[in-house]
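So this block is structure.cif, mmCIF, C-alpha atoms and all ligand atoms:
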```
data_input
#
loop_
_atom_site.label_atom_id
_atom_site.label_comp_id
_atom_site.auth_asym_id
_atom_site.auth_seq_id
_atom_site.Cartn_x
_atom_site.Cartn_y
_atom_site.Cartn_z
CA MET J 742 0.00 0.00 0.00
CA PRO J 743 1.48 3.36 -0.95
CA PRO J 744 2.10 5.85 1.80
CA LEU J 745 -0.76 8.04 2.84
CA ILE J 746 0.29 11.17 1.06
CA LYS J 747 0.80 14.76 2.05
CA HIS J 748 -2.31 15.12 4.12
CA SER J 749 -1.54 14.09 7.64
CA ARG J 750 -1.37 16.72 10.32
CA HIS J 751 0.78 14.32 12.33
CA GLU J 752 3.53 13.98 9.77
CA SER J 753 6.60 16.11 9.22
CA ASP J 754 6.73 19.87 9.54
CA GLU J 755 7.06 20.15 5.79
CA ILE J 756 3.73 18.50 5.28
CA GLU J 757 2.18 20.80 7.82
CA ALA J 758 3.76 23.78 6.15
CA ILE J 759 1.97 22.91 2.96
CA HIS J 760 -1.48 22.64 4.34
CA ASP J 761 -1.74 24.65 7.46
CA VAL J 762 -2.47 28.29 6.87
CA SER J 763 -3.24 29.14 10.45
CA LYS J 764 -0.44 27.86 12.63
CA ASP J 765 2.35 30.18 11.62
CA GLN J 766 1.70 33.44 13.37
CA ASN J 767 4.60 35.38 11.84
CA GLU J 768 3.70 38.49 9.88
CA SER J 769 5.30 38.69 6.46
CA THR J 770 7.27 41.81 5.72
CA ASP J 771 7.91 43.38 2.35
CA ALA J 772 11.51 42.21 2.53
CA GLU J 773 10.39 38.68 3.27
CA GLN J 774 8.05 38.76 0.28
CA GLN J 775 10.78 40.01 -2.02
CA GLU J 776 13.09 37.29 -0.78
CA PHE J 777 10.52 34.54 -1.22
CA LYS J 778 11.84 31.62 -3.19
CA PRO J 779 9.73 28.52 -3.71
CA GLN J 780 11.05 25.66 -1.63
CA ILE J 781 10.41 22.17 -2.91
CA VAL J 782 9.20 19.54 -0.46
CA TRP J 783 10.92 16.47 -1.87
CA ARG J 784 8.97 14.04 0.23
CA ASN J 785 5.76 15.19 -1.43
CA VAL J 786 7.38 15.01 -4.87
CA ALA J 787 8.38 11.40 -4.17
CA ILE J 788 4.86 10.53 -3.01
CA MET J 789 3.24 12.11 -6.06
CA VAL J 790 5.63 10.40 -8.49
CA THR J 791 4.99 7.05 -6.80
CA LEU J 792 1.22 7.54 -6.85
CA HIS J 793 1.16 8.56 -10.51
CA SER J 794 3.41 5.65 -11.51
CA ALA J 795 1.14 3.25 -9.64
CA ALA J 796 -1.88 4.82 -11.36
CA ALA J 797 -0.22 4.32 -14.77
CA TYR J 798 0.25 0.66 -13.85
CA GLY J 799 -3.43 0.53 -12.88
CA LEU J 800 -4.35 1.95 -16.28
CA TYR J 801 -2.18 -0.70 -17.93
CA LEU J 802 -3.88 -3.45 -15.88
CA SER J 803 -7.31 -2.12 -16.83
CA PHE J 804 -6.50 -2.78 -20.50
CA THR J 805 -4.59 -6.02 -20.07
CA SER J 806 -5.87 -8.13 -17.19
CA ALA J 807 -8.77 -6.59 -15.30
CA MET J 808 -12.47 -7.25 -15.85
CA ILE J 809 -14.28 -4.41 -17.57
CA LYS J 810 -16.62 -4.36 -14.56
CA THR J 811 -13.69 -3.37 -12.37
CA THR J 812 -12.89 -0.29 -14.44
CA MET J 813 -16.57 0.66 -14.59
CA LEU J 814 -16.82 0.31 -10.84
CA ALA J 815 -13.70 2.45 -10.43
CA TYR J 816 -15.36 5.14 -12.54
CA PHE J 817 -18.51 4.99 -10.41
CA MET J 818 -16.48 5.28 -7.20
CA TYR J 819 -14.58 8.18 -8.77
CA MET J 820 -17.91 9.98 -9.24
CA LEU J 821 -18.85 9.35 -5.60
CA GLY J 822 -15.48 10.59 -4.34
CA GLY J 823 -15.93 13.60 -6.60
CA LEU J 824 -19.27 14.36 -4.97
CA GLY J 825 -17.56 14.31 -1.58
CA ILE J 826 -15.46 17.22 -2.86
CA THR J 827 -17.94 19.10 -5.09
CA ALA J 828 -21.29 18.63 -3.34
CA GLY J 829 -19.60 18.28 0.05
CA ALA J 830 -16.43 20.23 0.86
CA HIS J 831 -17.03 22.77 -1.91
CA ARG J 832 -20.71 23.64 -2.32
CA LEU J 833 -21.97 22.63 1.13
CA TRP J 834 -19.18 23.32 3.63
CA SER J 835 -17.02 26.01 1.95
CA HIS J 836 -19.76 28.09 0.37
CA LYS J 837 -22.94 27.09 2.25
CA THR J 838 -24.86 27.17 -1.03
CA TYR J 839 -27.48 24.76 0.35
CA LYS J 840 -28.30 22.97 3.56
CA ALA J 841 -28.11 19.22 4.13
CA LYS J 842 -29.67 16.93 6.71
CA TRP J 843 -27.32 14.70 8.67
CA PRO J 844 -27.67 11.50 6.60
CA LEU J 845 -26.54 13.43 3.53
CA ARG J 846 -23.73 15.14 5.43
CA MET J 847 -22.62 11.75 6.75
CA MET J 848 -22.67 10.27 3.25
CA LEU J 849 -20.73 13.23 1.82
CA MET J 850 -18.19 12.97 4.62
CA ILE J 851 -17.56 9.29 3.70
CA PHE J 852 -17.32 10.13 -0.01
CA ASN J 853 -14.99 12.98 0.93
CA SER J 854 -12.73 10.61 2.88
CA SER J 855 -12.49 8.37 -0.19
CA ALA J 856 -11.15 11.38 -2.13
CA PHE J 857 -8.30 12.00 0.36
CA GLU J 858 -7.80 15.69 -0.44
CA ASN J 859 -7.35 16.83 3.16
CA ASP J 860 -10.16 16.79 5.67
CA ILE J 861 -13.24 18.90 5.01
CA TYR J 862 -12.15 21.69 7.36
CA GLU J 863 -8.69 22.12 5.84
CA TRP J 864 -9.99 21.84 2.30
CA SER J 865 -12.70 24.43 2.93
CA ARG J 866 -10.35 26.82 4.70
CA ASP J 867 -7.85 26.64 1.80
CA HIS J 868 -10.73 27.15 -0.60
CA ARG J 869 -12.08 30.24 1.14
CA VAL J 870 -8.57 31.72 1.07
CA HIS J 871 -8.47 30.91 -2.65
CA HIS J 872 -11.70 32.82 -3.31
CA LYS J 873 -10.83 35.78 -1.15
CA TYR J 874 -7.29 36.23 -2.50
CA SER J 875 -7.59 34.74 -6.01
CA GLU J 876 -4.58 35.26 -8.23
CA THR J 877 -2.43 36.79 -5.50
CA ASN J 878 0.39 35.32 -3.41
CA ALA J 879 -2.14 34.58 -0.68
CA ASP J 880 -4.03 32.24 -3.02
CA PRO J 881 -2.76 28.73 -2.14
CA HIS J 882 -2.80 27.73 -5.84
CA ASN J 883 -2.20 31.13 -7.43
CA ALA J 884 -2.65 30.53 -11.17
CA LEU J 885 -0.41 33.51 -11.99
CA ARG J 886 2.47 31.23 -10.98
CA GLY J 887 1.71 29.04 -13.98
CA PHE J 888 -0.30 25.96 -14.91
CA PHE J 889 1.91 23.46 -13.14
CA PHE J 890 1.98 25.37 -9.88
CA ALA J 891 -1.81 25.85 -9.86
CA HIS J 892 -2.32 22.18 -10.76
CA VAL J 893 -0.03 20.29 -8.40
CA GLY J 894 3.06 22.41 -7.74
CA TRP J 895 1.36 24.12 -4.81
CA LEU J 896 1.27 20.75 -3.04
CA LEU J 897 4.95 20.13 -3.75
CA THR J 898 6.32 23.39 -2.34
CA LYS J 899 6.14 25.24 0.93
CA LYS J 900 3.33 27.74 1.18
CA HIS J 901 3.98 31.37 0.35
CA PRO J 902 4.02 33.36 3.63
CA ASP J 903 1.01 35.40 2.46
CA VAL J 904 -1.14 32.27 2.38
CA LYS J 905 -0.59 31.80 6.08
CA ASN J 906 -0.65 35.44 7.08
CA LYS J 907 -3.78 36.44 5.24
CA GLY J 908 -5.49 33.09 5.59
CA LYS J 909 -5.37 33.15 9.36
CA ASN J 910 -7.71 36.17 9.40
CA LEU J 911 -10.53 34.21 7.79
CA ASP J 912 -13.16 32.94 10.17
CA CYS J 913 -13.86 29.29 9.43
CA SER J 914 -15.40 28.38 12.77
CA ASP J 915 -18.79 27.74 11.12
CA ILE J 916 -17.27 24.73 9.32
CA LEU J 917 -16.03 23.19 12.55
CA ALA J 918 -19.42 23.77 14.15
CA ASP J 919 -20.66 20.70 12.26
CA PRO J 920 -20.01 17.61 14.43
CA ILE J 921 -19.64 15.48 11.30
CA VAL J 922 -16.74 17.70 10.16
CA ARG J 923 -15.15 17.44 13.61
CA PHE J 924 -15.57 13.67 13.58
CA GLN J 925 -13.87 13.38 10.19
CA ARG J 926 -11.02 15.64 11.28
CA ARG J 927 -10.47 13.60 14.42
CA TYR J 928 -10.43 10.21 12.71
CA TYR J 929 -9.14 11.37 9.33
CA LEU J 930 -6.34 8.87 8.76
CA PRO J 931 -8.33 5.74 9.67
CA LEU J 932 -11.22 7.06 7.56
CA VAL J 933 -8.94 7.65 4.57
CA PHE J 934 -7.27 4.29 5.02
CA THR J 935 -10.69 2.63 5.02
CA PHE J 936 -12.52 4.53 2.29
CA CYS J 937 -9.71 5.51 -0.08
CA TYR J 938 -7.71 2.27 0.02
CA VAL J 939 -9.40 -0.69 1.72
CA VAL J 940 -13.06 -0.47 0.70
CA PRO J 941 -12.41 0.28 -3.01
CA THR J 942 -10.03 -2.71 -3.09
CA LEU J 943 -12.37 -5.15 -1.36
CA ILE J 944 -15.60 -4.33 -3.21
CA PRO J 945 -14.64 -5.79 -6.64
CA TYR J 946 -12.75 -8.63 -4.93
CA TYR J 947 -15.80 -9.80 -2.98
CA LEU J 948 -18.47 -8.65 -5.42
CA PHE J 949 -17.29 -10.44 -8.56
CA GLY J 950 -13.98 -12.09 -7.76
CA GLU J 951 -11.55 -9.58 -9.27
CA THR J 952 -7.95 -10.13 -8.17
CA LEU J 953 -6.73 -8.07 -5.24
CA LYS J 954 -3.96 -6.63 -7.39
CA ASN J 955 -6.31 -5.37 -10.10
CA SER J 956 -8.79 -4.12 -7.52
CA PHE J 957 -6.13 -2.20 -5.65
CA PHE J 958 -4.35 -0.58 -8.57
CA ILE J 959 -7.53 0.31 -10.49
CA CYS J 960 -10.29 0.96 -7.95
CA SER J 961 -8.09 2.48 -5.27
CA ILE J 962 -5.01 4.07 -6.87
CA LEU J 963 -6.06 4.86 -10.44
CA ARG J 964 -9.44 6.14 -9.24
CA TYR J 965 -7.76 8.31 -6.62
CA VAL J 966 -5.14 9.80 -8.95
CA VAL J 967 -7.67 10.61 -11.69
CA LEU J 968 -9.88 12.30 -9.10
CA LEU J 969 -6.94 14.34 -7.79
CA ASN J 970 -6.14 15.56 -11.29
CA ALA J 971 -9.78 16.33 -12.03
CA THR J 972 -9.94 18.50 -8.92
CA TRP J 973 -6.65 20.20 -9.75
CA LEU J 974 -7.90 21.05 -13.25
CA VAL J 975 -10.36 23.46 -11.65
CA ASN J 976 -7.41 25.38 -10.17
CA SER J 977 -5.21 25.19 -13.27
CA ALA J 978 -7.14 24.91 -16.56
CA ALA J 979 -10.30 26.64 -15.33
CA HIS J 980 -8.21 29.57 -14.13
CA MET J 981 -6.53 29.97 -17.53
CA PHE J 982 -8.47 28.64 -20.51
CA GLY J 983 -12.03 29.48 -21.52
CA ASN J 984 -14.35 32.43 -21.88
CA ARG J 985 -15.42 34.90 -19.21
CA PRO J 986 -19.07 35.79 -19.84
CA TYR J 987 -19.80 37.07 -16.32
CA ASP J 988 -16.66 38.92 -15.33
CA GLN J 989 -13.81 39.45 -17.76
CA THR J 990 -11.71 41.19 -15.12
CA ILE J 991 -10.97 37.90 -13.31
CA ASN J 992 -9.02 34.84 -14.46
CA PRO J 993 -11.48 32.02 -13.68
CA SER J 994 -13.16 30.88 -16.88
CA GLU J 995 -15.85 28.63 -18.31
CA ASN J 996 -14.25 25.34 -19.34
CA ARG J 997 -16.37 22.42 -20.52
CA PHE J 998 -13.55 19.90 -20.42
CA VAL J 999 -13.05 20.68 -16.73
CA SER J 1000 -16.80 20.54 -16.12
CA TRP J 1001 -16.87 17.02 -17.47
CA TRP J 1002 -14.00 15.72 -15.38
CA ALA J 1003 -14.80 17.72 -12.25
CA ILE J 1004 -18.50 16.73 -12.46
CA GLY J 1005 -19.78 20.28 -12.88
CA GLU J 1006 -17.09 22.53 -11.45
CA GLY J 1007 -15.78 23.94 -14.74
CA PHE J 1008 -18.20 26.88 -14.91
CA HIS J 1009 -15.59 28.72 -13.00
CA ASN J 1010 -16.11 32.29 -14.21
CA TYR J 1011 -19.71 31.97 -13.04
CA HIS J 1012 -18.65 30.39 -9.77
CA HIS J 1013 -16.14 33.09 -8.85
CA THR J 1014 -18.71 35.76 -9.80
CA PHE J 1015 -21.60 34.15 -7.89
CA PRO J 1016 -20.00 31.76 -5.37
CA TRP J 1017 -23.22 31.32 -3.36
CA ASP J 1018 -25.13 29.60 -6.21
CA TYR J 1019 -25.55 25.89 -5.40
CA ALA J 1020 -25.43 24.93 -9.10
CA THR J 1021 -22.14 26.83 -9.78
CA SER J 1022 -23.66 27.56 -13.18
CA GLU J 1023 -26.68 29.24 -14.76
CA PHE J 1024 -27.38 26.09 -16.80
CA GLY J 1025 -28.61 23.86 -13.99
CA ILE J 1026 -27.85 20.19 -14.51
CA LYS J 1027 -26.21 20.57 -17.94
CA LEU J 1028 -22.70 19.04 -17.76
CA ASN J 1029 -23.17 19.22 -14.02
CA PHE J 1030 -23.52 15.86 -12.28
CA THR J 1031 -23.09 17.54 -8.90
CA THR J 1032 -26.14 19.77 -9.39
CA MET J 1033 -28.08 16.71 -10.56
CA PHE J 1034 -27.11 14.92 -7.37
CA ILE J 1035 -28.05 17.85 -5.10
CA ASP J 1036 -31.41 18.16 -6.91
CA LEU J 1037 -32.00 14.44 -6.38
CA MET J 1038 -31.18 14.83 -2.68
CA ALA J 1039 -33.61 17.76 -2.54
CA LYS J 1040 -36.35 15.51 -3.96
CA ILE J 1041 -35.98 13.13 -1.02
CA GLY J 1042 -35.72 16.05 1.40
CA TRP J 1043 -32.09 15.62 2.43
CA ALA J 1044 -30.97 18.85 0.71
CA TYR J 1045 -32.86 22.13 1.08
CA ASP J 1046 -32.51 25.91 0.88
CA ARG J 1047 -30.63 25.72 -2.41
CA LYS J 1048 -29.50 29.23 -3.25
CA VAL J 1049 -29.66 30.47 -6.83
CA VAL J 1050 -28.91 33.75 -8.53
CA SER J 1051 -31.83 35.36 -10.35
CA LYS J 1052 -31.71 35.49 -14.13
CA GLU J 1053 -32.02 39.26 -14.04
CA VAL J 1054 -28.98 39.64 -11.78
CA ILE J 1055 -27.01 37.33 -14.10
CA ARG J 1056 -28.15 39.27 -17.19
CA LEU J 1057 -27.18 42.65 -15.74
CA ARG J 1058 -23.84 41.34 -14.56
CA LYS J 1059 -23.06 39.94 -18.01
CA LEU J 1060 -23.86 43.31 -19.56
CA ARG J 1061 -21.76 45.17 -17.03
CA THR J 1062 -18.60 43.04 -16.73
CA GLY J 1063 -18.90 40.05 -19.11
CA ASP J 1064 -16.84 39.46 -22.23
CA GLY J 1065 -20.01 39.05 -24.32
CA SER J 1066 -19.26 35.43 -25.19
CA TYR J 1067 -22.63 34.07 -23.99
CA GLY J 1068 -24.58 36.90 -25.58
CA HIS J 1069 -27.18 38.49 -23.41
CA ASP J 1070 -29.66 35.88 -22.34
CA HIS J 1071 -30.29 33.43 -25.19
CA HIS J 1072 -29.03 30.56 -23.06
CA HIS J 1073 -31.94 30.98 -20.73
CA GLU J 1074 -34.34 29.96 -23.48
CA GLU J 1075 -32.09 27.15 -24.65
CA VAL J 1076 -31.50 25.45 -21.34
CA PRO J 1077 -33.98 26.43 -18.66
CA HIS J 1078 -33.27 25.07 -15.23
CA PRO J 1079 -35.84 22.36 -14.51
CA ASP J 1080 -36.52 23.76 -11.07
CA ASP J 1081 -36.60 27.42 -11.97
CA VAL J 1082 -39.79 28.77 -10.58
CA ASP J 1083 -39.22 32.43 -10.02
CA ALA J 1084 -36.57 34.43 -11.80
CA ASP J 1085 -36.80 37.18 -9.23
CA ASP J 1086 -36.33 34.91 -6.28
CA GLU J 1087 -32.69 35.37 -5.33
CA HIS J 1088 -32.69 32.71 -2.63
CA ARG J 1089 -35.12 30.02 -3.51
CA HIS J 1090 -36.39 27.77 -0.76
CA ASN J 1091 -37.40 24.34 -1.86
CA GLU J 1092 -38.88 22.83 1.21
ZN ZN K 1101 -15.51 27.80 -4.70
ZN ZN K 1102 -11.05 29.07 -8.46
#
```

Once you've parsed the file, please lay out its structure as structure tokens.
Amino acid sequence: MPPLIKHSRHESDEIEAIHDVSKDQNESTDAEQQEFKPQIVWRNVAIMVTLHSAAAYGLYLSFTSAMIKTTMLAYFMYMLGGLGITAGAHRLWSHKTYKAKWPLRMMLMIFNSSAFENDIYEWSRDHRVHHKYSETNADPHNALRGFFFAHVGWLLTKKHPDVKNKGKNLDCSDILADPIVRFQRRYYLPLVFTFCYVVPTLIPYYLFGETLKNSFFICSILRYVVLLNATWLVNSAAHMFGNRPYDQTINPSENRFVSWWAIGEGFHNYHHTFPWDYATSEFGIKLNFTTMFIDLMAKIGWAYDRKVVSKEVIRLRKLRTGDGSYGHDHHHEEVPHPDDVDADDEHRHNE
């Protein structure tokens, strides 16, 4: 089993330095900022190279020796892990775009553990810092430092001092107020061990007799590495390539390729313009599996208070700051949101 990567709070200082924006209380000075030189954390580089090599082997096995069912199951589990990030850490806990009853929060916490991208609290705190200080040195994955840095480089180097210094002023206590978040944080490593490595390996083994080797390299490692890269694409590609119909003054852009892989998180110009919208898009469920899932959860009553931006607000914003690439409002006629009831209702309540 490969080492549990980069995410443990109990590991070396270097690992902590990467992920913890709040512990270092030192103020950064101008001189310190000018002197800043990225410092590579070789341990994390070694872990990432190992993981990606193992994933490449998993891909090879999926074409040469594994059952097709195994690869399909890996894809399904990838979608669930993705929901733990998109519907969970991102839209629910970071942005509070909707509310969820405890069975849904519990389910999302388990999915989130299978994605092993730091616990919900750390992920959400990093993400709030990203929104508040986008494209500055305080942004953990500042896309102005290039595609590679925004994609994975930020996890392979020590944090810029601004990330810590500015990030520590953000209040994230509301995230920790959820006992399910506190539970996950407390038992994070056993949860990751179970849901990222053990369960994905045992399911195909017991369900239809796949070999343990194929199960492990495809359903655990390959699934995990593809999901990591899908998430990172939102920080790299969707901060560089695509159009900017809502706000052309910011870097985040609309990128369909990213939307596909990140199950709906590629409408990134919209999301940075209207971060409180639960759909992260004005097109509802189109190319947006996460919105589909939240809508389904709303149908059974586990999700409620889904916030949306009114069409009029979107239209005016496009006129004011957009790059004109979506026209004015023709998309509204093309792809109406199935649940849209009242265009003037800024915060729709579905219960
Ligand atoms: Zn966000
Ligand atoms: Zn972003």

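The coordinates place atom CA of J:Thr811 at 7.4 Å from atom CA of J:Ile959.
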
> Which residue gives the smallest distance to J:Arg1056 among J:Tyr1011, J:Leu821, J:Ala1044, J:Pro902, with only C-alpha atoms counted?
Replying inline: J:Tyr1011

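Residues with any atom within 8 Å of J:Tyr938, counting all atoms listed in the file and excluding same-chain neighbours fewer than 4 positions away, are Ser855, Val933, Phe934, Thr942, Phe957, Ser961 and Ile962 of chain J.
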
>> At a cut-off of 12 Å around ligand ZN 1102 (chain K), and using all atoms listed in the file, what residues come up? Please write them as an MDAnalysis selection string.
In response: chainID J and resid 831 867:877 880:884 891:892 972:981 991:996 999 1006:1016 1021

>> Please list as number ranges by chain every residue within 9 Å of J:Cys960, counting only C-alpha atoms and excluding residues in the same chain fewer than 2 positions away.
In response: J: 799, 811-812, 814-816, 818-819, 938, 941-942, 944-945, 955-958, 962-965

Using the selection just defined, write its residues with C-alpha atoms as a PDB file, keeping the file's coordinate frame.
```pdb
ATOM      1  CA  GLY J 799      -3.430   0.530 -12.880  1.00  0.00           C
ATOM      2  CA  THR J 811     -13.690  -3.370 -12.370  1.00  0.00           C
ATOM      3  CA  THR J 812     -12.890  -0.290 -14.440  1.00  0.00           C
ATOM      4  CA  LEU J 814     -16.820   0.310 -10.840  1.00  0.00           C
ATOM      5  CA  ALA J 815     -13.700   2.450 -10.430  1.00  0.00           C
ATOM      6  CA  TYR J 816     -15.360   5.140 -12.540  1.00  0.00           C
ATOM      7  CA  MET J 818     -16.480   5.280  -7.200  1.00  0.00           C
ATOM      8  CA  TYR J 819     -14.580   8.180  -8.770  1.00  0.00           C
ATOM      9  CA  TYR J 938      -7.710   2.270   0.020  1.00  0.00           C
ATOM     10  CA  PRO J 941     -12.410   0.280  -3.010  1.00  0.00           C
ATOM     11  CA  THR J 942     -10.030  -2.710  -3.090  1.00  0.00           C
ATOM     12  CA  ILE J 944     -15.600  -4.330  -3.210  1.00  0.00           C
ATOM     13  CA  PRO J 945     -14.640  -5.790  -6.640  1.00  0.00           C
ATOM     14  CA  ASN J 955      -6.310  -5.370 -10.100  1.00  0.00           C
ATOM     15  CA  SER J 956      -8.790  -4.120  -7.520  1.00  0.00           C
ATOM     16  CA  PHE J 957      -6.130  -2.200  -5.650  1.00  0.00           C
ATOM     17  CA  PHE J 958      -4.350  -0.580  -8.570  1.00  0.00           C
ATOM     18  CA  ILE J 962      -5.010   4.070  -6.870  1.00  0.00           C
ATOM     19  CA  LEU J 963      -6.060   4.860 -10.440  1.00  0.00           C
ATOM     20  CA  ARG J 964      -9.440   6.140  -9.240  1.00  0.00           C
ATOM     21  CA  TYR J 965      -7.760   8.310  -6.620  1.00  0.00           C
TER      22      TYR J 965
END
```

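What separates atom CA of J:Ala828 from atom CA of J:Lys905 is a distance of 26.3 Å.
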
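Nearest-residue note for ligand ZN 1101 (chain K): choosing from J:Trp895, J:Phe857, J:Tyr798, J:Trp834, the minimum distance belongs to J:Trp834, counting only C-alpha atoms and all ligand atoms.
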
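For the residues J:Leu943, J:Leu885, J:Ala1020, J:Ile851, ranking by smallest atom-to-atom distance to ligand ZN 1101 (chain K) using all atoms listed in the file places J:Ala1020 first.
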
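Compared by their closest atoms to ligand ZN 1101 (chain K), and using all atoms listed in the file, the residues J:Glu951, J:Asp1018, J:Asp1064, J:Glu863 rank with J:Asp1018 nearest.
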
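You can rank J:Ala807, J:Leu833, J:Ala796, J:Ala787 by their closest distance to J:Tyr1045 using all atoms listed in the file, and at the top of that list sits J:Leu833.
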
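Put simply, atom CA of J:Tyr946 is 26.2 Å away from atom CA of J:Met789.
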
Quick one: residues within 12 Å of J:Arg846, all atoms listed in the file counted, chain neighbours fewer than 3 positions away excluded, as a tab-separated table (two decimals) with C-alpha atoms, in the frame of the given file?
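part23.tsv written:
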```tsv
chain	number	residue	atom	x	y	z
J	824	LEU	CA	-19.27	14.36	-4.97
J	825	GLY	CA	-17.56	14.31	-1.58
J	826	ILE	CA	-15.46	17.22	-2.86
J	828	ALA	CA	-21.29	18.63	-3.34
J	829	GLY	CA	-19.60	18.28	0.05
J	830	ALA	CA	-16.43	20.23	0.86
J	832	ARG	CA	-20.71	23.64	-2.32
J	833	LEU	CA	-21.97	22.63	1.13
J	834	TRP	CA	-19.18	23.32	3.63
J	839	TYR	CA	-27.48	24.76	0.35
J	840	LYS	CA	-28.30	22.97	3.56
J	841	ALA	CA	-28.11	19.22	4.13
J	842	LYS	CA	-29.67	16.93	6.71
J	843	TRP	CA	-27.32	14.70	8.67
J	849	LEU	CA	-20.73	13.23	1.82
J	850	MET	CA	-18.19	12.97	4.62
J	851	ILE	CA	-17.56	9.29	3.70
J	852	PHE	CA	-17.32	10.13	-0.01
J	853	ASN	CA	-14.99	12.98	0.93
J	861	ILE	CA	-13.24	18.90	5.01
J	919	ASP	CA	-20.66	20.70	12.26
J	920	PRO	CA	-20.01	17.61	14.43
J	921	ILE	CA	-19.64	15.48	11.30
J	922	VAL	CA	-16.74	17.70	10.16
J	924	PHE	CA	-15.57	13.67	13.58
J	925	GLN	CA	-13.87	13.38	10.19
J	1035	ILE	CA	-28.05	17.85	-5.10
J	1038	MET	CA	-31.18	14.83	-2.68
J	1043	TRP	CA	-32.09	15.62	2.43
J	1044	ALA	CA	-30.97	18.85	0.71
```

>> Given all atoms listed in the file as the basis, pick out the residue of J:Phe777, J:Phe889, J:Trp864, J:Tyr947 nearest to ligand ZN 1101 (chain K).
In response: J:Trp864

Reconstructed N, CA and C atoms for stretch 857-869 of chain J, given as an mmCIF file, in the coordinates of the input:
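Saved to out-v4.cif:
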```cif
data_model
loop_
_atom_site.group_PDB
_atom_site.id
_atom_site.type_symbol
_atom_site.label_atom_id
_atom_site.label_comp_id
_atom_site.auth_asym_id
_atom_site.auth_seq_id
_atom_site.Cartn_x
_atom_site.Cartn_y
_atom_site.Cartn_z
ATOM 1 N N PHE J 857 -9.587 11.723 -0.285
ATOM 2 C CA PHE J 857 -8.300 12.000 0.360
ATOM 3 C C PHE J 857 -7.647 13.279 -0.169
ATOM 4 N N GLU J 858 -8.358 14.394 -0.010
ATOM 5 C CA GLU J 858 -7.800 15.690 -0.440
ATOM 6 C C GLU J 858 -7.704 16.633 0.759
ATOM 7 N N ASN J 859 -7.324 16.117 1.874
ATOM 8 C CA ASN J 859 -7.350 16.830 3.160
ATOM 9 C C ASN J 859 -8.746 16.746 3.754
ATOM 10 N N ASP J 860 -8.823 16.887 5.074
ATOM 11 C CA ASP J 860 -10.160 16.790 5.670
ATOM 12 C C ASP J 860 -10.991 18.016 5.274
ATOM 13 N N ILE J 861 -12.290 17.893 5.496
ATOM 14 C CA ILE J 861 -13.240 18.900 5.010
ATOM 15 C C ILE J 861 -12.870 20.292 5.523
ATOM 16 N N TYR J 862 -12.467 20.379 6.784
ATOM 17 C CA TYR J 862 -12.150 21.690 7.360
ATOM 18 C C TYR J 862 -10.953 22.326 6.658
ATOM 19 N N GLU J 863 -9.887 21.555 6.496
ATOM 20 C CA GLU J 863 -8.690 22.120 5.840
ATOM 21 C C GLU J 863 -8.960 22.481 4.388
ATOM 22 N N TRP J 864 -9.672 21.597 3.707
ATOM 23 C CA TRP J 864 -9.990 21.840 2.300
ATOM 24 C C TRP J 864 -10.790 23.134 2.172
ATOM 25 N N SER J 865 -11.811 23.274 3.029
ATOM 26 C CA SER J 865 -12.700 24.430 2.930
ATOM 27 C C SER J 865 -11.968 25.716 3.299
ATOM 28 N N ARG J 866 -11.097 25.633 4.298
ATOM 29 C CA ARG J 866 -10.350 26.820 4.700
ATOM 30 C C ARG J 866 -9.416 27.269 3.550
ATOM 31 N N ASP J 867 -8.673 26.314 2.965
ATOM 32 C CA ASP J 867 -7.850 26.640 1.800
ATOM 33 C C ASP J 867 -8.694 27.250 0.685
ATOM 34 N N HIS J 868 -9.893 26.701 0.510
ATOM 35 C CA HIS J 868 -10.730 27.150 -0.600
ATOM 36 C C HIS J 868 -11.270 28.563 -0.369
ATOM 37 N N ARG J 869 -11.616 28.877 0.852
ATOM 38 C CA ARG J 869 -12.080 30.240 1.140
ATOM 39 C C ARG J 869 -10.946 31.242 0.936
#
```
